[in-house]
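Notes for the one structure printed next.
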Amino acid sequence: MDEYPEKRMYLYDFTDGRKHHLKKIISFIMTGTLLFALTACGGNPQPSNTAQNTEEGSSAPEQEERTEIQDSSIEEPEDAVTSEAAEQNNILVAYFSQTGNTETIASQIAEYTGGELFHVETVTVYPDEYNDLIEVAKQEQDNDERPQLAAALENMDGYQTIFIGFPNWWGTMPMAMFTFLESYDFAGKTVIPFCTHEGSALGRSERDIAELVPEAELLEGMAIRGSNVDRAEDDVVSWLEGLGFYNPADGD
Ligand SMILES: Cc1cc2nc3c(=O)[nH]c(=O)nc-3n(C[C@H](O)[C@H](O)[C@H](O)COP(=O)(O)O)c2cc1C
């Protein structure tokens with residue numbers, strides 16, 4: 001869709017949409033159940049998703065250890081779990097997001113694949129005002145610009161699968177994602193696009209990505225309506241399952 005109606009109004013959702021509270025409660029209950037079962041069997045309880053605590057855990061008093069494990073299951077930052085799994089899975093979730101919709105989906109993908117998040121941001125900040133933003137974005141596209149990115153990814157070689165996330169801007173990716181895709185060597189890697197949008201779905205972005213990273217394997221992308229991101233978690237899970245990438249760190 002080349003003609004994007006400038007006057008079209010969207011209900012942006014500024015909540016971050018992540019369901020951390022529920023996840024932590026479920027994690028707490030599951031950890032408690034596991035510890036009870038292991039204790040009843042005379043076993044030595046271990047957290048299911050970390051190998052590094054094994055030695056310390058075996059010599060610590062049982063009550064203290066349980067408390068530590070419960071504490072770590074509640075307090076441990078999600079990023080730490082994600083990073084550990086990401087090292088094993090070699091999955092990167094690189095995304096651009098101006099108003100948070102794509103970021104919500106990117107976070108879910110990272111959580112359910114064990115991937116590592118990378119937020120693609122430009123040196124020049126985009127205008128907050130909607131009409132100004134769409135004008136700037138249109139100009140960038142018309143001029144085939146490559147906006148300078150604020151940060152570089154240091155270890156692209158360490159990733160085999162890269163999810164590429166973006167809002168549909170004027171029918172394709174924001175030009176910052178063109179910069180991102182041209183900045184690294186994707187040969188032999190698997191690239192999986194996802195976007196949020198308000199009607200155009202992935203538009204012509206898959207074709208553009210294929211041209212930008214011709215030596216990568218491009219898998220089927222996913223498009224979620226921006227106004228639906230808070231109800232899209234099941235769709236994200238189904239899509240990841242279909243691709244064979246559903247691998248949540250905590251096994252839920
Ligand atoms: C500059 C601009 C251009 C857009 N162009 C389109 C478009 O061509 N087609 C469409 O369906 N949505 C379009 N949208 C709507 C966004 O794709 C949608 O609101 C998206 O969810 C925003 O994602 P974000 O919150 O991650 O930035 C556009 C929005 C902006 C700001």
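How things are named: the first chain in the structure tokens is A, the next is B, and so on; residues count from 1 in each chain; ligands count from 1 in the order shown.
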
- Message: Residues contacting ligand 1 - anything with an atom at most 7 Å away, using only C-alpha atoms and all ligand atoms - can you give me those as a ChimeraX atom specification?
- Response: /A:1-2,4,10,12,96-103,130,133-135,137-138,166-172,196-201,225-227

- Task: Write down as a PyMOL selection string the residues belonging to range 113-218 of chain A that are assigned helix (DSSP H, G or I) by DSSP computed on the backbone.
- Result: chain A and resi 113+130-142+156-158+175-182+205-212

Please produce an output containing N, CA and C atoms for each residue in the selection, written as a CSV table (one decimal), in the first residue's frame.
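As written to disk, part01.csv reads:
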```csv
chain,number,residue,atom,x,y,z
A,113,THR,N,11.1,-17.5,22.7
A,113,THR,CA,12.1,-18.2,22.0
A,113,THR,C,13.5,-18.2,22.7
A,130,TYR,N,2.0,13.3,15.4
A,130,TYR,CA,1.7,12.3,14.4
A,130,TYR,C,1.9,12.8,13.0
A,131,ASN,N,1.3,13.9,12.7
A,131,ASN,CA,1.4,14.5,11.3
A,131,ASN,C,2.8,14.7,10.9
A,132,ASP,N,3.6,15.3,11.9
A,132,ASP,CA,5.0,15.5,11.6
A,132,ASP,C,5.7,14.2,11.3
A,133,LEU,N,5.4,13.2,12.1
A,133,LEU,CA,6.1,11.9,12.0
A,133,LEU,C,5.8,11.3,10.6
A,134,ILE,N,4.6,11.3,10.2
A,134,ILE,CA,4.3,10.6,9.0
A,134,ILE,C,4.9,11.4,7.8
A,135,GLU,N,5.0,12.7,8.0
A,135,GLU,CA,5.7,13.5,6.9
A,135,GLU,C,7.2,13.2,6.8
A,136,VAL,N,7.8,13.1,8.0
A,136,VAL,CA,9.3,12.8,8.0
A,136,VAL,C,9.5,11.4,7.5
A,137,ALA,N,8.7,10.5,7.9
A,137,ALA,CA,8.8,9.1,7.4
A,137,ALA,C,8.7,9.0,5.9
A,138,LYS,N,7.7,9.7,5.4
A,138,LYS,CA,7.5,9.7,4.0
A,138,LYS,C,8.7,10.3,3.2
A,139,GLN,N,9.2,11.4,3.7
A,139,GLN,CA,10.3,12.0,3.1
A,139,GLN,C,11.5,11.0,3.1
A,140,GLU,N,11.8,10.4,4.2
A,140,GLU,CA,12.9,9.5,4.3
A,140,GLU,C,12.7,8.4,3.2
A,141,GLN,N,11.5,7.9,3.1
A,141,GLN,CA,11.3,6.8,2.1
A,141,GLN,C,11.4,7.3,0.7
A,142,ASP,N,10.8,8.5,0.4
A,142,ASP,CA,10.9,9.0,-1.0
A,142,ASP,C,12.4,9.3,-1.4
A,156,MET,N,27.0,-9.8,16.0
A,156,MET,CA,26.0,-10.4,15.0
A,156,MET,C,26.5,-11.8,14.6
A,157,ASP,N,27.8,-12.1,14.6
A,157,ASP,CA,28.2,-13.4,14.2
A,157,ASP,C,27.7,-14.5,15.2
A,158,GLY,N,27.4,-14.1,16.4
A,158,GLY,CA,26.9,-15.1,17.4
A,158,GLY,C,25.5,-15.5,17.2
A,175,MET,N,12.9,3.3,7.3
A,175,MET,CA,14.2,3.3,6.7
A,175,MET,C,15.3,2.9,7.6
A,176,ALA,N,15.1,3.1,8.9
A,176,ALA,CA,16.1,2.7,9.9
A,176,ALA,C,16.4,1.2,9.8
A,177,MET,N,15.3,0.4,9.5
A,177,MET,CA,15.5,-1.0,9.4
A,177,MET,C,16.3,-1.4,8.1
A,178,PHE,N,16.2,-0.5,7.1
A,178,PHE,CA,17.0,-0.7,5.9
A,178,PHE,C,18.5,-0.5,6.3
A,179,THR,N,18.7,0.5,7.1
A,179,THR,CA,20.1,0.8,7.6
A,179,THR,C,20.6,-0.5,8.3
A,180,PHE,N,19.7,-1.0,9.2
A,180,PHE,CA,20.1,-2.1,10.1
A,180,PHE,C,20.5,-3.3,9.2
A,181,LEU,N,19.6,-3.6,8.3
A,181,LEU,CA,19.9,-4.8,7.5
A,181,LEU,C,21.1,-4.7,6.6
A,182,GLU,N,21.4,-3.5,6.2
A,182,GLU,CA,22.6,-3.3,5.3
A,182,GLU,C,23.9,-3.2,6.2
A,205,SER,N,7.3,-5.3,2.7
A,205,SER,CA,8.5,-5.4,3.5
A,205,SER,C,9.2,-6.7,3.2
A,206,GLU,N,8.5,-7.8,3.0
A,206,GLU,CA,9.2,-9.1,2.8
A,206,GLU,C,10.0,-9.0,1.5
A,207,ARG,N,9.5,-8.4,0.5
A,207,ARG,CA,10.2,-8.3,-0.8
A,207,ARG,C,11.4,-7.4,-0.5
A,208,ASP,N,11.3,-6.3,0.2
A,208,ASP,CA,12.4,-5.4,0.5
A,208,ASP,C,13.5,-6.1,1.3
A,209,ILE,N,13.1,-6.9,2.3
A,209,ILE,CA,14.0,-7.7,3.1
A,209,ILE,C,14.8,-8.7,2.2
A,210,ALA,N,14.1,-9.4,1.4
A,210,ALA,CA,14.7,-10.3,0.5
A,210,ALA,C,15.8,-9.7,-0.4
A,211,GLU,N,15.5,-8.5,-0.8
A,211,GLU,CA,16.5,-7.8,-1.6
A,211,GLU,C,17.7,-7.3,-0.8
A,212,LEU,N,17.4,-6.9,0.4
A,212,LEU,CA,18.5,-6.4,1.3
A,212,LEU,C,19.4,-7.5,1.8
```

- Task: Find the spatial neighbours of Tyr112 in chain A, counting only C-alpha atoms, within a cut-off of 6 Å - ignore same-chain residues fewer than 5 positions away - and output them as a list in words.
- Result: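 Answer for this query is Tyr246, Asn247 and Pro248 of chain A.
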
If you run DSSP over the backbone, which residues in range 58-243 of chain A end up strand (DSSP E)? Put them as a CSV table (one decimal) with C-alpha atoms, in the first residue's frame.
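Generated file (result15.csv):
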```csv
chain,number,residue,atom,x,y,z
A,91,ILE,CA,18.4,-16.0,18.5
A,92,LEU,CA,18.2,-12.2,18.1
A,93,VAL,CA,15.0,-10.2,18.1
A,94,ALA,CA,16.0,-6.8,16.5
A,95,TYR,CA,13.1,-4.3,16.3
A,116,GLU,CA,17.9,-11.6,22.9
A,117,LEU,CA,16.3,-8.2,22.3
A,118,PHE,CA,18.0,-5.4,20.3
A,119,HIS,CA,16.2,-2.1,20.0
A,161,THR,CA,18.3,-16.6,13.6
A,162,ILE,CA,17.3,-13.0,13.5
A,163,PHE,CA,13.7,-11.9,14.0
A,164,ILE,CA,13.2,-8.5,12.4
A,165,GLY,CA,10.4,-6.4,13.8
A,166,PHE,CA,9.1,-3.0,12.7
A,167,PRO,CA,5.9,-1.0,12.3
A,190,THR,CA,17.7,-17.2,9.0
A,191,VAL,CA,15.7,-14.0,9.0
A,192,ILE,CA,12.1,-13.9,10.2
A,193,PRO,CA,10.1,-10.6,9.8
A,194,PHE,CA,7.2,-9.4,12.0
A,195,CYS,CA,5.4,-6.2,12.0
A,196,THR,CA,2.6,-4.2,13.5
A,197,HIS,CA,0.3,-2.2,11.3
A,217,GLU,CA,16.9,-17.7,4.4
A,218,LEU,CA,13.7,-15.8,4.8
A,222,MET,CA,3.8,-12.3,11.0
A,223,ALA,CA,1.7,-9.2,11.0
A,224,ILE,CA,-0.3,-8.0,14.0
A,225,ARG,CA,-2.6,-5.0,14.1
```

- Message: Would you compute the distance between CA of Ala150 in chain A and CA of Ile109 in chain A? Give it in Å to one decimal.
- Response: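 Computed distance, CA of Ala150 in chain A to CA of Ile109 in chain A, equals 22.9 Å.
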
- Which one is closest to Tyr184 in chain A: A:Ala216, A:Ile105, A:Val123, A:Ala232? Count only C-alpha atoms.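 Residue with the minimum atom-to-atom distance to Tyr184 in chain A: A:Ala216.
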
- Separation of CA of Leu202 in chain A from CA of Asn89 in chain A in Å: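 Separation between CA of Asn89 in chain A and CA of Leu202 in chain A: 26.0 Å.
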
- What gap, in Å, lies between CA of Gly242 in chain A and CA of Pro174 in chain A?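 According to the coordinates, CA of Gly242 in chain A and CA of Pro174 in chain A are separated by 26.9 Å.
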